[in-house]
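Pasted below: target20.json, JSON, C-alpha atoms.
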[["chain", "number", "residue", "atom", "x", "y", "z"],
["L", 1, "LEU", "CA", 9.81, 5.17, 9.11],
["L", 2, "GLU", "CA", 13.49, 4.52, 9.59],
["L", 3, "LYS", "CA", 14.16, 8.22, 10.06],
["L", 4, "ALA", "CA", 17.90, 7.81, 10.62],
["L", 5, "LYS", "CA", 18.26, 5.95, 7.31],
["L", 6, "VAL", "CA", 16.19, 8.56, 5.47],
["L", 7, "ASP", "CA", 18.23, 11.34, 7.05],
["L", 8, "ALA", "CA", 21.46, 9.60, 6.01],
["L", 9, "ASP", "CA", 20.20, 8.82, 2.49],
["L", 10, "PRO", "CA", 17.25, 10.89, 1.22],
["L", 11, "ASP", "CA", 16.65, 8.23, -1.48],
["L", 12, "TYR", "CA", 16.37, 5.40, 1.04],
["L", 13, "ALA", "CA", 12.55, 5.17, 1.05],
["L", 14, "VAL", "CA", 12.35, 5.45, -2.76],
["L", 15, "ASN", "CA", 14.97, 2.74, -3.13],
["L", 16, "VAL", "CA", 13.03, 0.38, -0.84],
["L", 17, "ASN", "CA", 9.44, 1.14, -1.87],
["L", 18, "CYS", "CA", 9.86, 1.92, -5.57],
["L", 19, "ASN", "CA", 13.22, 1.10, -7.12],
["L", 20, "ALA", "CA", 13.55, -2.33, -5.50],
["L", 21, "GLN", "CA", 10.05, -3.26, -6.67],
["L", 22, "LEU", "CA", 10.84, -2.24, -10.25],
["L", 23, "ALA", "CA", 14.14, -4.13, -10.18],
["L", 24, "LEU", "CA", 12.34, -7.24, -8.93],
["L", 25, "ILE", "CA", 9.74, -7.07, -11.69],
["L", 26, "THR", "CA", 12.44, -6.54, -14.31],
["L", 27, "ASP", "CA", 14.46, -9.46, -12.96],
["L", 28, "GLN", "CA", 11.50, -11.84, -12.62],
["L", 29, "MET", "CA", 9.42, -10.90, -15.69],
["L", 30, "SER", "CA", 10.63, -13.92, -17.69],
["L", 31, "ARG", "CA", 9.71, -16.24, -14.80],
["L", 32, "LEU", "CA", 6.08, -15.15, -14.49],
["L", 33, "ASP", "CA", 3.60, -17.80, -15.58],
["L", 34, "GLU", "CA", 0.41, -17.29, -17.56],
["L", 35, "GLY", "CA", -2.32, -16.37, -15.08],
["L", 36, "SER", "CA", 0.08, -15.16, -12.39],
["L", 37, "SER", "CA", -0.42, -12.08, -10.26],
["L", 38, "VAL", "CA", 2.00, -9.48, -8.96],
["L", 39, "VAL", "CA", 0.73, -7.84, -5.77],
["L", 40, "TYR", "CA", 1.97, -4.47, -4.57],
["L", 41, "VAL", "CA", 1.16, -3.95, -0.88],
["L", 42, "THR", "CA", 0.72, -0.35, 0.21],
["L", 43, "SER", "CA", -1.12, 1.69, 2.81],
["L", 44, "ASP", "CA", -4.35, 3.60, 2.47],
["L", 45, "TRP", "CA", -2.44, 6.85, 3.07],
["L", 46, "ALA", "CA", 0.20, 6.05, 0.44],
["L", 47, "HIS", "CA", -2.46, 4.93, -2.04],
["L", 48, "LYS", "CA", -4.25, 8.27, -1.61],
["L", 49, "TYR", "CA", -1.03, 10.30, -1.20],
["L", 50, "GLY", "CA", -1.55, 13.97, -1.93],
["L", 51, "GLN", "CA", -5.29, 13.69, -1.27],
["L", 52, "VAL", "CA", -5.38, 12.95, 2.46],
["L", 53, "GLU", "CA", -3.73, 13.98, 5.71],
["L", 54, "LEU", "CA", -0.86, 11.67, 6.59],
["L", 55, "PRO", "CA", -0.52, 10.04, 10.01],
["L", 56, "PRO", "CA", 1.26, 12.22, 12.60],
["L", 57, "PHE", "CA", 4.51, 10.24, 12.54],
["L", 58, "HIS", "CA", 7.43, 10.32, 10.12],
["L", 59, "TYR", "CA", 5.32, 8.87, 7.27],
["L", 60, "GLU", "CA", 5.79, 11.30, 4.35],
["L", 61, "PRO", "CA", 8.86, 9.52, 2.88],
["L", 62, "VAL", "CA", 7.05, 6.19, 3.14],
["L", 63, "ALA", "CA", 3.80, 7.46, 1.63],
["L", 64, "SER", "CA", 5.42, 9.34, -1.24],
["L", 65, "SER", "CA", 7.76, 6.46, -2.12],
["L", 66, "LYS", "CA", 5.02, 3.83, -1.92],
["L", 67, "TYR", "CA", 2.82, 6.05, -4.10],
["L", 68, "ALA", "CA", 5.68, 6.31, -6.61],
["L", 69, "GLY", "CA", 6.21, 2.54, -6.50],
["L", 70, "GLU", "CA", 2.53, 1.82, -7.05],
["L", 71, "HIS", "CA", 2.32, 4.11, -10.05],
["L", 72, "ALA", "CA", 5.59, 2.86, -11.53],
["L", 73, "LEU", "CA", 4.23, -0.69, -11.39],
["L", 74, "LEU", "CA", 0.88, 0.40, -12.81],
["L", 75, "ASP", "CA", 2.86, 1.77, -15.76],
["L", 76, "ARG", "CA", 4.19, -1.77, -16.36],
["L", 77, "ARG", "CA", 0.76, -3.42, -16.72],
["L", 78, "GLU", "CA", 1.07, -3.81, -20.50],
["L", 79, "GLU", "CA", 4.41, -5.52, -20.09],
["L", 80, "LEU", "CA", 2.93, -7.83, -17.45],
["L", 81, "ALA", "CA", -0.01, -8.59, -19.74],
["L", 82, "LEU", "CA", 2.39, -9.69, -22.50],
["L", 83, "VAL", "CA", 3.61, -12.51, -20.25],
["L", 84, "GLY", "CA", 0.06, -13.31, -19.06],
["L", 85, "SER", "CA", 0.37, -11.70, -15.64],
["L", 86, "ARG", "CA", -1.56, -8.96, -13.90],
["L", 87, "LEU", "CA", -0.93, -6.41, -11.17],
["L", 88, "LEU", "CA", -3.08, -6.12, -8.07],
["L", 89, "ILE", "CA", -2.74, -3.33, -5.52],
["L", 90, "ALA", "CA", -3.45, -4.26, -1.89],
["L", 91, "THR", "CA", -4.00, -1.35, 0.49],
["L", 92, "ALA", "CA", -4.73, -1.35, 4.20],
["L", 93, "GLY", "CA", -4.74, 0.98, 7.17],
["L", 94, "LEU", "CA", -3.52, -0.05, 10.61],
["L", 95, "VAL", "CA", -2.44, -3.68, 10.77],
["L", 96, "THR", "CA", -1.80, -5.24, 14.17],
["L", 97, "GLY", "CA", 1.54, -6.90, 14.64],
["L", 98, "THR", "CA", 3.29, -4.39, 12.40],
["L", 99, "PHE", "CA", 5.40, -1.48, 13.58],
["L", 100, "VAL", "CA", 3.18, 1.15, 11.94],
["L", 101, "GLY", "CA", -0.04, -0.46, 13.12],
["L", 102, "ASP", "CA", 1.06, -0.94, 16.69],
["L", 103, "MET", "CA", 2.60, 2.55, 16.89],
["L", 104, "GLY", "CA", -0.50, 4.10, 15.35],
["L", 105, "ILE", "CA", -2.72, 2.39, 17.87],
["L", 106, "LYS", "CA", -0.60, 3.08, 20.96],
["L", 107, "LYS", "CA", 0.95, 6.48, 20.35],
["L", 108, "PHE", "CA", -1.55, 8.18, 18.10],
["L", 109, "ASP", "CA", -4.84, 7.08, 19.57],
["L", 110, "ASP", "CA", -6.49, 10.47, 18.85],
["L", 111, "PHE", "CA", -5.49, 10.29, 15.17],
["L", 112, "ALA", "CA", -6.67, 6.67, 14.94],
["L", 113, "HIS", "CA", -10.04, 7.51, 16.49],
["L", 114, "GLN", "CA", -10.42, 10.68, 14.41],
["L", 115, "GLN", "CA", -9.98, 8.71, 11.20],
["L", 116, "GLY", "CA", -12.21, 5.87, 12.35],
["L", 117, "LEU", "CA", -9.29, 3.49, 12.21],
["L", 118, "ILE", "CA", -9.96, 1.73, 15.48],
["L", 119, "GLU", "CA", -13.06, 0.09, 14.02],
["L", 120, "ASN", "CA", -11.05, -1.12, 11.00],
["L", 121, "ILE", "CA", -7.94, -2.54, 12.64],
["L", 122, "ILE", "CA", -6.98, -5.78, 10.96],
["L", 123, "SER", "CA", -4.32, -8.45, 11.44],
["L", 124, "ALA", "CA", -1.46, -9.34, 9.12],
["L", 125, "GLU", "CA", -3.04, -12.80, 8.81],
["L", 126, "TYR", "CA", -6.25, -11.23, 7.54],
["L", 127, "VAL", "CA", -4.32, -9.15, 4.99],
["L", 128, "GLY", "CA", -2.58, -12.31, 3.80],
["L", 129, "LYS", "CA", -5.88, -14.19, 3.54],
["L", 130, "ILE", "CA", -7.46, -11.47, 1.38],
["L", 131, "ILE", "CA", -4.40, -11.30, -0.88],
["L", 132, "ALA", "CA", -4.27, -15.10, -1.21],
["L", 133, "GLU", "CA", -7.95, -15.17, -2.22],
["L", 134, "ALA", "CA", -7.41, -12.34, -4.72],
["L", 135, "VAL", "CA", -4.52, -13.95, -6.58],
["L", 136, "VAL", "CA", -6.71, -16.93, -7.49],
["L", 137, "ASP", "CA", -9.73, -14.80, -8.42],
["L", 138, "PRO", "CA", -9.70, -14.51, -12.22],
["L", 139, "SER", "CA", -12.40, -11.83, -12.20],
["L", 140, "LEU", "CA", -10.02, -9.17, -10.82],
["L", 141, "GLU", "CA", -8.53, -7.14, -13.64],
["L", 142, "SER", "CA", -4.97, -5.89, -13.74],
["L", 143, "GLY", "CA", -4.70, -2.67, -11.76],
["L", 144, "HIS", "CA", -7.52, -3.62, -9.37],
["L", 145, "THR", "CA", -7.16, -2.22, -5.85],
["L", 146, "LEU", "CA", -8.03, -4.46, -2.91],
["L", 147, "TRP", "CA", -9.18, -2.28, -0.01],
["L", 148, "ILE", "CA", -8.44, -4.43, 3.05],
["L", 149, "GLY", "CA", -10.06, -3.25, 6.29],
["L", 150, "ALA", "CA", -11.77, 0.04, 5.57],
["L", 151, "SER", "CA", -13.41, 0.53, 2.20],
["L", 152, "GLU", "CA", -12.28, 3.37, -0.02],
["L", 153, "PHE", "CA", -15.50, 5.21, 0.80],
["L", 154, "THR", "CA", -15.06, 4.75, 4.56],
["L", 155, "PHE", "CA", -11.41, 5.82, 4.41],
["L", 156, "MET", "CA", -12.11, 8.93, 2.35],
["L", 157, "GLN", "CA", -15.07, 9.88, 4.56],
["L", 158, "ALA", "CA", -12.91, 9.50, 7.67],
["L", 159, "CYS", "CA", -10.39, 11.85, 6.07],
["L", 160, "GLY", "CA", -13.20, 14.36, 5.52],
["L", 161, "LEU", "CA", -13.09, 14.03, 1.72],
["L", 162, "PRO", "CA", -15.61, 12.79, -0.82],
["L", 163, "GLU", "CA", -14.82, 9.38, -2.34]]
Could I get this structure in the form of structure tokens?
Amino acid sequence: LEKAKVDADPDYAVNVNCNAQLALITDQMSRLDEGSSVVYVTSDWAHKYGQVELPPFHYEPVASSKYAGEHALLDRREELALVGSRLLIATAGLVTGTFVGDMGIKKFDDFAHQQGLIENIISAEYVGKIIAEAVVDPSLESGHTLWIGASEFTFMQACGLPE
């Protein structure tokens, strides 16, 4: 959403949302403990990039780069498994207390209502609670997506698409 940075460097969003994540995994792979979890936090729109209408603000570079980051990390699941770790994907819509969430609520009320987002607004604390619970839940397999706030079904229905 930092349009000036994206305009100055077209790779800015990819470097932040994909390349930095891959570099971190590469750097920290030897430090991961057996039973650990890597969590990639994304948005519902980025998770379903290419399948849904994006919010009416400068979100395309964010969504496409987060989508690329998610899939690049999913491609590293075998490598994570070799060190006893797993990858979880956490996705959410509008989160209060964040720039995107607050802007989406205030400036794009029609979009938020159209997609049923107002009923599913969540706090950053709630997102953290769900992620904290997930990392200690051994039943979640590597690659599992945590839908925080709206369910996948609710989100896809709000976008006018079948699940």
For Cys18 in chain L, find every residue with an atom within 10 Å (counting only C-alpha atoms), except residues of its own chain fewer than 5 positions away, and show them as a PDB file with C-alpha atoms, in the frame of the given file.
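Writing done, so here's selection14.pdb:
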ATOM      1  CA  TYR L  12      16.370   5.400   1.040  1.00  0.00           C
ATOM      2  CA  ALA L  13      12.550   5.170   1.050  1.00  0.00           C
ATOM      3  CA  ALA L  23      14.140  -4.130 -10.180  1.00  0.00           C
ATOM      4  CA  SER L  64       5.420   9.340  -1.240  1.00  0.00           C
ATOM      5  CA  SER L  65       7.760   6.460  -2.120  1.00  0.00           C
ATOM      6  CA  LYS L  66       5.020   3.830  -1.920  1.00  0.00           C
ATOM      7  CA  TYR L  67       2.820   6.050  -4.100  1.00  0.00           C
ATOM      8  CA  ALA L  68       5.680   6.310  -6.610  1.00  0.00           C
ATOM      9  CA  GLY L  69       6.210   2.540  -6.500  1.00  0.00           C
ATOM     10  CA  GLU L  70       2.530   1.820  -7.050  1.00  0.00           C
ATOM     11  CA  HIS L  71       2.320   4.110 -10.050  1.00  0.00           C
ATOM     12  CA  ALA L  72       5.590   2.860 -11.530  1.00  0.00           C
ATOM     13  CA  LEU L  73       4.230  -0.690 -11.390  1.00  0.00           C
TER      14      LEU L  73
END
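The residue set within 12 Å of range 3-6 of chain L, counting only C-alpha atoms and dropping same-chain residues fewer than 4 places from it, reads Pro10, Asp11, Tyr12, Ala13, Val14, Asn15, Val16, Phe57, His58, Tyr59, Glu60, Pro61, Val62 and Ser65 of chain L.
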Find the spatial neighbours of Tyr126 in chain L, counting all atoms listed in the file, within a cut-off of 12 Å - ignore same-chain residues fewer than 5 positions away - and output them as a PyMOL selection string.
-> chain L and resi 92+94-97+120-121+131-133+148-149
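Counting all atoms listed in the file and comparing L:Glu141, L:Ala63, L:Tyr49, L:Glu79, the residue that lies closest to Thr26 in chain L is L:Glu79.
Coordinates place CA of Ala158 in chain L at a distance of 18.4 Å from CA of Thr42 in chain L.
Across L:Ile89, L:Leu82, L:Leu22, L:Ala8, the tightest approach to Gly35 in chain L is made by L:Leu82 when counting all atoms listed in the file.
Using all atoms listed in the file, the shortest contact distance between Ala81 in chain L and any of L:Ala134, L:Leu32, L:Ala46, L:Ala124 is found at L:Leu32.
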Quick one: everything within 12 Å of Glu78 in chain L, counting all atoms listed in the file, minus sequence neighbours fewer than 4 positions away in the same chain. Send it as a PyMOL selection string.
-> chain L and resi 29+73-74+82-87+142-143
Kindly provide, as number ranges by chain, the polymer residues lying within 8 Å of (3.6, -9.5, -8.8), counting all atoms listed in the file and using the coordinates exactly as they appear in the file.
-> L: 25, 36-40, 85-88
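Here CA of Leu146 in chain L is placed at a distance of 15.2 Å from CA of Glu125 in chain L.
The two atoms in question, CA of Met156 in chain L and CA of Trp45 in chain L, are spaced 9.9 Å apart.
Among the candidates L:Thr154, L:Ala90, L:Thr145, L:Arg31, the residue lying nearest to Gly128 in chain L is L:Ala90 (atoms considered: all atoms listed in the file).
For the choices L:Val52, L:Leu24, L:Val41, L:Leu140, the atom-to-atom distance to Gln157 in chain L is smallest for L:Val52 when using only C-alpha atoms.
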